[in-house]
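So this one's upload17.txt, compact mmCIF, C-alpha atoms and all ligand atoms:
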```
# COMPACT_ATOMS: atom_id res chain seq x y z
CA MET A 1201 -16.93 2.47 -4.82
CA ALA A 1202 -14.24 4.82 -3.57
CA LYS A 1203 -11.05 4.79 -5.65
CA LYS A 1204 -7.74 3.69 -4.20
CA ILE A 1205 -5.45 6.58 -3.27
CA TYR A 1206 -1.66 6.32 -3.41
CA LEU A 1207 -0.06 8.64 -0.87
CA TYR A 1208 3.67 8.59 -1.52
CA GLY A 1209 6.20 10.73 0.33
CA ASN A 1210 9.49 11.71 -1.30
CA TRP A 1211 11.73 12.88 1.49
CA LYS A 1212 14.43 14.06 -0.94
CA MET A 1213 17.68 14.88 0.97
CA ASN A 1214 15.91 15.12 4.33
CA ASN A 1215 15.59 12.94 7.45
CA THR A 1216 18.79 11.38 8.76
CA TYR A 1217 18.95 7.87 10.25
CA SER A 1218 17.97 9.08 13.73
CA GLU A 1219 15.34 11.48 12.39
CA THR A 1220 13.80 8.57 10.49
CA GLU A 1221 13.62 6.54 13.70
CA LYS A 1222 11.91 9.52 15.38
CA PHE A 1223 9.49 9.88 12.45
CA PHE A 1224 8.21 6.36 13.05
CA VAL A 1225 7.71 6.91 16.79
CA ASP A 1226 4.95 9.36 15.79
CA PHE A 1227 3.94 7.74 12.52
CA ALA A 1228 3.13 4.28 13.88
CA PRO A 1229 0.26 5.35 16.18
CA ALA A 1230 -0.94 8.07 13.75
CA TYR A 1231 -1.17 5.54 10.91
CA GLU A 1232 -2.91 2.84 12.95
CA PRO A 1233 -6.48 4.00 12.12
CA PHE A 1234 -5.65 3.79 8.37
CA ARG A 1235 -3.87 0.47 8.46
CA ASN A 1236 -6.76 -1.61 7.23
CA ASP A 1237 -8.06 0.93 4.73
CA LYS A 1238 -8.04 -0.95 1.42
CA ASN A 1239 -8.43 2.33 -0.46
CA LEU A 1240 -5.13 3.74 0.74
CA GLU A 1241 -1.55 2.84 -0.10
CA VAL A 1242 1.09 4.83 1.75
CA GLY A 1243 4.71 4.80 0.64
CA ILE A 1244 7.86 6.61 1.78
CA PHE A 1245 11.04 7.17 -0.25
CA ALA A 1246 14.08 8.02 1.85
CA PRO A 1247 17.77 8.78 1.26
CA PHE A 1248 19.92 5.62 1.03
CA THR A 1249 21.42 6.17 4.47
CA SER A 1250 17.94 6.18 6.06
CA LEU A 1251 16.70 3.05 4.30
CA TRP A 1252 17.45 0.74 7.19
CA PRO A 1253 15.36 2.56 9.86
CA LEU A 1254 12.78 3.26 7.14
CA SER A 1255 12.53 -0.45 6.34
CA GLN A 1256 12.02 -1.30 10.01
CA GLY A 1257 9.34 1.33 10.56
CA ALA A 1258 7.60 0.66 7.26
CA LYS A 1259 7.41 -3.09 7.85
CA LYS A 1260 5.88 -2.57 11.30
CA SER A 1261 3.23 -0.24 9.91
CA GLY A 1262 2.72 -2.23 6.72
CA ILE A 1263 3.52 0.58 4.30
CA VAL A 1264 5.49 0.57 1.06
CA PHE A 1265 9.02 1.94 1.12
CA GLY A 1266 11.62 2.74 -1.42
CA ALA A 1267 14.63 4.65 -2.68
CA GLN A 1268 14.83 7.87 -4.66
CA ASN A 1269 17.32 6.76 -7.30
CA VAL A 1270 19.40 3.79 -8.44
CA TYR A 1271 22.00 2.95 -11.06
CA TYR A 1272 21.09 0.45 -13.76
CA GLU A 1273 24.25 -1.69 -13.67
CA ALA A 1274 24.31 -4.46 -11.05
CA LYS A 1275 27.91 -3.86 -9.89
CA GLY A 1276 31.29 -2.59 -10.95
CA ALA A 1277 33.40 0.52 -11.22
CA PHE A 1278 30.71 3.18 -10.71
CA THR A 1279 32.00 5.23 -7.79
CA GLY A 1280 29.26 6.75 -5.68
CA GLU A 1281 26.42 4.76 -7.21
CA ILE A 1282 23.99 2.27 -5.62
CA SER A 1283 22.70 -0.79 -7.49
CA ILE A 1284 19.40 -2.62 -7.56
CA PRO A 1285 20.72 -5.76 -5.78
CA MET A 1286 22.00 -3.50 -2.98
CA LEU A 1287 18.52 -2.05 -2.52
CA LYS A 1288 16.83 -5.43 -2.81
CA GLU A 1289 18.70 -6.67 0.27
CA TYR A 1290 16.99 -3.91 2.24
CA GLY A 1291 13.61 -5.13 1.06
CA VAL A 1292 13.09 -2.14 -1.21
CA THR A 1293 10.30 -2.74 -3.74
CA HIS A 1294 9.76 0.72 -5.26
CA ILE A 1295 12.28 3.21 -6.69
CA ILE A 1296 11.69 6.77 -7.88
CA ILE A 1297 13.24 7.29 -11.31
CA GLY A 1298 13.69 10.50 -13.27
CA HIS A 1299 12.64 12.97 -10.60
CA SER A 1300 12.94 16.50 -11.99
CA GLU A 1301 15.72 17.24 -9.50
CA ARG A 1302 17.71 14.35 -10.99
CA ARG A 1303 16.93 15.54 -14.50
CA HIS A 1304 17.64 19.24 -13.94
CA ILE A 1305 20.18 19.49 -11.10
CA PHE A 1306 22.17 16.35 -11.94
CA GLY A 1307 21.59 16.33 -15.69
CA GLU A 1308 20.13 12.84 -16.05
CA PRO A 1309 19.15 12.38 -19.69
CA ASP A 1310 16.08 10.53 -21.00
CA GLU A 1311 18.22 7.59 -22.19
CA MET A 1312 19.64 6.99 -18.71
CA ILE A 1313 16.19 7.23 -17.16
CA ALA A 1314 14.88 4.67 -19.68
CA LYS A 1315 17.69 2.26 -18.75
CA LYS A 1316 16.93 2.68 -15.07
CA VAL A 1317 13.20 2.04 -15.59
CA LYS A 1318 13.97 -1.13 -17.54
CA ALA A 1319 16.49 -2.38 -14.96
CA VAL A 1320 14.04 -1.83 -12.10
CA LEU A 1321 11.30 -3.69 -13.97
CA ASP A 1322 13.69 -6.53 -14.84
CA ALA A 1323 14.40 -6.90 -11.11
CA GLY A 1324 10.68 -7.32 -10.43
CA MET A 1325 10.49 -3.96 -8.68
CA THR A 1326 8.24 -0.94 -9.30
CA PRO A 1327 9.64 2.22 -10.87
CA VAL A 1328 7.90 5.45 -9.89
CA LEU A 1329 8.59 7.40 -13.06
CA CYS A 1330 8.50 11.18 -12.73
CA TYR A 1331 7.97 13.53 -15.64
CA GLY A 1332 6.83 17.10 -16.13
CA GLU A 1333 7.53 20.43 -17.74
CA THR A 1334 9.40 23.51 -16.54
CA LEU A 1335 7.71 26.91 -16.33
CA GLU A 1336 9.53 28.03 -19.46
CA GLU A 1337 8.34 24.95 -21.35
CA ARG A 1338 4.75 25.53 -20.21
CA GLU A 1339 4.81 29.23 -21.07
CA SER A 1340 6.23 28.58 -24.51
CA GLY A 1341 3.44 26.07 -25.21
CA ASN A 1342 5.73 23.04 -25.14
CA THR A 1343 4.25 21.20 -22.15
CA PHE A 1344 2.95 18.24 -24.12
CA THR A 1345 5.90 17.99 -26.51
CA VAL A 1346 8.32 17.76 -23.58
CA MET A 1347 6.25 15.23 -21.68
CA GLU A 1348 5.67 13.13 -24.76
CA ARG A 1349 9.44 12.92 -25.22
CA GLN A 1350 10.00 12.05 -21.55
CA LEU A 1351 7.28 9.41 -21.41
CA LYS A 1352 7.87 7.83 -24.80
CA SER A 1353 11.59 7.46 -24.27
CA ALA A 1354 10.99 5.76 -20.92
CA ILE A 1355 8.38 3.26 -22.12
CA SER A 1356 9.31 2.53 -25.73
CA GLY A 1357 10.65 -0.99 -25.96
CA LEU A 1358 8.68 -2.17 -22.93
CA THR A 1359 5.88 -4.74 -23.14
CA PRO A 1360 2.32 -3.54 -22.40
CA ASP A 1361 2.52 -5.48 -19.14
CA GLU A 1362 5.70 -3.65 -18.14
CA VAL A 1363 4.17 -0.29 -19.09
CA LYS A 1364 1.25 -1.10 -16.78
CA LYS A 1365 3.55 -1.95 -13.85
CA ILE A 1366 5.15 1.50 -13.77
CA ILE A 1367 3.69 4.07 -11.39
CA TYR A 1368 3.68 7.45 -13.14
CA ALA A 1369 4.07 10.76 -11.34
CA TYR A 1370 3.29 13.99 -13.15
CA GLU A 1371 5.28 16.71 -11.43
CA PRO A 1372 5.28 20.12 -13.10
CA VAL A 1373 8.69 21.54 -12.20
CA TRP A 1374 7.22 24.99 -11.50
CA ALA A 1375 5.00 23.52 -8.77
CA ILE A 1376 7.72 21.63 -6.89
CA GLY A 1377 8.71 23.14 -3.56
CA THR A 1378 7.40 26.51 -4.71
CA GLY A 1379 4.06 26.52 -2.89
CA LYS A 1380 2.48 26.90 -6.33
CA THR A 1381 0.18 24.02 -7.19
CA ALA A 1382 -1.19 23.11 -10.59
CA THR A 1383 -4.92 23.75 -10.53
CA PRO A 1384 -6.98 20.57 -10.35
CA ASP A 1385 -7.97 21.13 -13.99
CA GLN A 1386 -4.35 21.60 -15.13
CA ALA A 1387 -3.25 18.45 -13.29
CA GLU A 1388 -6.22 16.45 -14.54
CA GLU A 1389 -5.64 17.57 -18.11
CA VAL A 1390 -2.09 16.20 -18.07
CA CYS A 1391 -2.92 13.00 -16.18
CA LYS A 1392 -5.78 12.21 -18.58
CA TRP A 1393 -3.55 12.94 -21.57
CA SER A 1394 -0.78 10.76 -20.07
CA ARG A 1395 -3.16 7.84 -19.58
CA GLU A 1396 -4.06 7.99 -23.27
CA LEU A 1397 -0.42 8.28 -24.35
CA ILE A 1398 0.61 5.38 -22.16
CA GLY A 1399 -2.25 3.37 -23.64
CA GLN A 1400 -3.05 1.63 -20.35
CA PRO A 1401 -6.38 2.75 -18.87
CA GLU A 1402 -5.51 1.16 -15.53
CA ALA A 1403 -2.08 2.75 -15.12
CA VAL A 1404 -1.52 4.44 -11.77
CA ILE A 1405 -0.84 8.16 -12.26
CA LEU A 1406 0.06 10.45 -9.38
CA TYR A 1407 0.29 14.22 -9.21
CA GLY A 1408 3.17 15.90 -7.37
CA GLY A 1409 3.92 19.54 -6.63
CA SER A 1410 3.11 21.31 -3.34
CA VAL A 1411 0.38 18.86 -2.35
CA LYS A 1412 -0.85 19.45 1.20
CA GLY A 1413 -3.94 19.09 3.34
CA SER A 1414 -5.46 22.33 2.07
CA ASN A 1415 -5.41 21.37 -1.62
CA ALA A 1416 -5.60 17.57 -1.39
CA LYS A 1417 -9.33 17.13 -1.72
CA GLU A 1418 -9.76 18.98 -4.97
CA LEU A 1419 -6.68 17.43 -6.58
CA LEU A 1420 -7.26 13.84 -5.48
CA SER A 1421 -10.93 13.99 -6.44
CA MET A 1422 -10.03 14.41 -10.12
CA LYS A 1423 -10.86 11.35 -12.19
CA ASP A 1424 -7.40 10.63 -13.62
CA ILE A 1425 -5.36 11.44 -10.51
CA ASP A 1426 -4.75 8.28 -8.46
CA GLY A 1427 -2.72 9.84 -5.69
CA ALA A 1428 0.03 12.24 -4.72
CA LEU A 1429 3.81 12.26 -4.63
CA VAL A 1430 4.49 14.60 -1.74
CA GLY A 1431 7.72 16.38 -0.86
CA GLY A 1432 7.71 18.94 1.95
CA ALA A 1433 4.44 17.84 3.55
CA SER A 1434 5.67 14.23 3.90
CA LEU A 1435 8.52 15.00 6.29
CA LYS A 1436 6.33 14.84 9.40
CA PRO A 1437 3.56 12.26 9.97
CA ALA A 1438 0.71 14.69 10.75
CA PRO A 1439 0.76 16.89 7.61
CA PHE A 1440 1.45 13.81 5.50
CA LEU A 1441 -1.56 11.82 6.71
CA GLU A 1442 -3.70 14.95 6.72
CA ILE A 1443 -3.57 14.82 2.91
CA TYR A 1444 -5.62 11.64 2.97
CA THR A 1445 -8.00 12.71 5.72
CA ALA A 1446 -8.66 15.99 3.89
CA TYR A 1447 -9.49 14.02 0.75
CA ARG A 1448 -11.86 11.71 2.61
CA GLU A 1449 -13.72 14.49 4.46
P1 LIG B 1 6.80 19.38 -2.86
O1 LIG B 1 5.59 18.61 -2.37
O2 LIG B 1 7.72 19.78 -1.76
O3 LIG B 1 6.42 20.47 -3.80
O4 LIG B 1 7.67 18.32 -3.73
C1 LIG B 1 7.04 17.59 -4.74
C2 LIG B 1 7.97 16.56 -5.23
O5 LIG B 1 8.92 16.87 -5.93
C3 LIG B 1 7.74 15.17 -4.85
O6 LIG B 1 8.55 14.30 -5.55
```

Please go through the file and, once you have read it, give me the structure as structure tokens.
Amino acid sequence: MAKKIYLYGNWKMNNTYSETEKFFVDFAPAYEPFRNDKNLEVGIFAPFTSLWPLSQGAKKSGIVFGAQNVYYEAKGAFTGEISIPMLKEYGVTHIIIGHSERRHIFGEPDEMIAKKVKAVLDAGMTPVLCYGETLEERESGNTFTVMERQLKSAISGLTPDEVKKIIYAYEPVWAIGTGKTATPDQAEEVCKWSRELIGQPEAVILYGGSVKGSNAKELLSMKDIDGALVGGASLKPAPFLEIYTAYRE
């Protein structure tokens, strides 16, 4: 039986409100042939200001949608932050936590990421937990030490059931937005190792980092890779869906 593929698009700081509406004018018909495919789950993660048109388009097409970040407190004096109850009112079910751009550009530490993961789980929502090493960490032989710290700090204290509910996304920082992709063997090595560390054989583990139609088949065919978290290639419907068609060919 074919495995289920998770095709998640992280728009990052792209696609305004009106651009999101335009995206769905093209996406809706393009996605129609895949709508009833039980082996595919498509999700899109938009900036907060595009969540409303995203929610409308996503509901019509029957895809998952979510946000790219959240704060762990429910309300209060946290200027500039967005809370889980605020996202829930939009129908958001999934939230990306700990993306490398949050970790490295905005300095989010492991402890904050752990609190966010827990808060999202407590709200009955799904965290998409990103982790991965920088080029420097890989070249100095610290890939697994760094990822062990990132993963363990996020899941320690959670029940096995909670650990299983998280969607994991291995994103080597050196492969993000650089056009450089981890080789299928490099990505598989980490995803397999992560599955063992997490201790949940059925955990969903995605790979992210310059995934596109031309490299999708070899990456998504690897045993421990359940799907892709896609940046640049998710901004337009055609290259985004091409990732799945390339895999299926
Ligand atoms: P790119 O696909 O643009 O490399 O981005 C990957 C990513 O960071 C997804 O979260």

Margin query: As a quick test: using only C-alpha atoms and all ligand atoms, which residues lie no more than 9 Å away from ligand LIG 1 (chain B)? Give them as a PyMOL selection string.
Written below: chain A and resi 1208-1212+1296+1299-1301+1330+1369+1371-1381+1407-1412+1428-1434

Output file for the selection above: C-alpha atoms, as an mmCIF file, in the coordinates of the input:
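Writing the result to again.cif gives the following:
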```cif
data_model
loop_
_atom_site.group_PDB
_atom_site.id
_atom_site.type_symbol
_atom_site.label_atom_id
_atom_site.label_comp_id
_atom_site.auth_asym_id
_atom_site.auth_seq_id
_atom_site.Cartn_x
_atom_site.Cartn_y
_atom_site.Cartn_z
ATOM 1 C CA TYR A 1208 3.670 8.590 -1.520
ATOM 2 C CA GLY A 1209 6.200 10.730 0.330
ATOM 3 C CA ASN A 1210 9.490 11.710 -1.300
ATOM 4 C CA TRP A 1211 11.730 12.880 1.490
ATOM 5 C CA LYS A 1212 14.430 14.060 -0.940
ATOM 6 C CA ILE A 1296 11.690 6.770 -7.880
ATOM 7 C CA HIS A 1299 12.640 12.970 -10.600
ATOM 8 C CA SER A 1300 12.940 16.500 -11.990
ATOM 9 C CA GLU A 1301 15.720 17.240 -9.500
ATOM 10 C CA CYS A 1330 8.500 11.180 -12.730
ATOM 11 C CA ALA A 1369 4.070 10.760 -11.340
ATOM 12 C CA GLU A 1371 5.280 16.710 -11.430
ATOM 13 C CA PRO A 1372 5.280 20.120 -13.100
ATOM 14 C CA VAL A 1373 8.690 21.540 -12.200
ATOM 15 C CA TRP A 1374 7.220 24.990 -11.500
ATOM 16 C CA ALA A 1375 5.000 23.520 -8.770
ATOM 17 C CA ILE A 1376 7.720 21.630 -6.890
ATOM 18 C CA GLY A 1377 8.710 23.140 -3.560
ATOM 19 C CA THR A 1378 7.400 26.510 -4.710
ATOM 20 C CA GLY A 1379 4.060 26.520 -2.890
ATOM 21 C CA LYS A 1380 2.480 26.900 -6.330
ATOM 22 C CA THR A 1381 0.180 24.020 -7.190
ATOM 23 C CA TYR A 1407 0.290 14.220 -9.210
ATOM 24 C CA GLY A 1408 3.170 15.900 -7.370
ATOM 25 C CA GLY A 1409 3.920 19.540 -6.630
ATOM 26 C CA SER A 1410 3.110 21.310 -3.340
ATOM 27 C CA VAL A 1411 0.380 18.860 -2.350
ATOM 28 C CA LYS A 1412 -0.850 19.450 1.200
ATOM 29 C CA ALA A 1428 0.030 12.240 -4.720
ATOM 30 C CA LEU A 1429 3.810 12.260 -4.630
ATOM 31 C CA VAL A 1430 4.490 14.600 -1.740
ATOM 32 C CA GLY A 1431 7.720 16.380 -0.860
ATOM 33 C CA GLY A 1432 7.710 18.940 1.950
ATOM 34 C CA ALA A 1433 4.440 17.840 3.550
ATOM 35 C CA SER A 1434 5.670 14.230 3.900
#
```

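Shortest atom-to-atom contact with A:Glu1273 among A:Glu1388, A:Ala1319, A:Phe1234, A:Asp1426: A:Ala1319, counting all atoms listed in the file.
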
Selection near stretch 1347-1359 of chain A, 8 Å with all atoms listed in the file, sequence-local residues under 5 positions removed, as a ChimeraX atom specification = /A:1310-1311,1313-1315,1317-1318,1331-1333,1397-1398

| Any idea what's packed within 9 Å of stretch 1437-1441 of chain A, counting all atoms listed in the file, ignoring anything in its chain fewer than 5 positions away? Could you give it as a PyMOL selection string? | chain A and resi 1207+1209+1223-1224+1226-1228+1230-1231+1242+1412-1413+1430+1432+1446

Have a look at A:Val1390, A:Gly1243, A:Ser1250, A:Leu1329 and name the one nearest to A:Met1213; count only C-alpha atoms.
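The answer is A:Ser1250, which sits nearest to A:Met1213.
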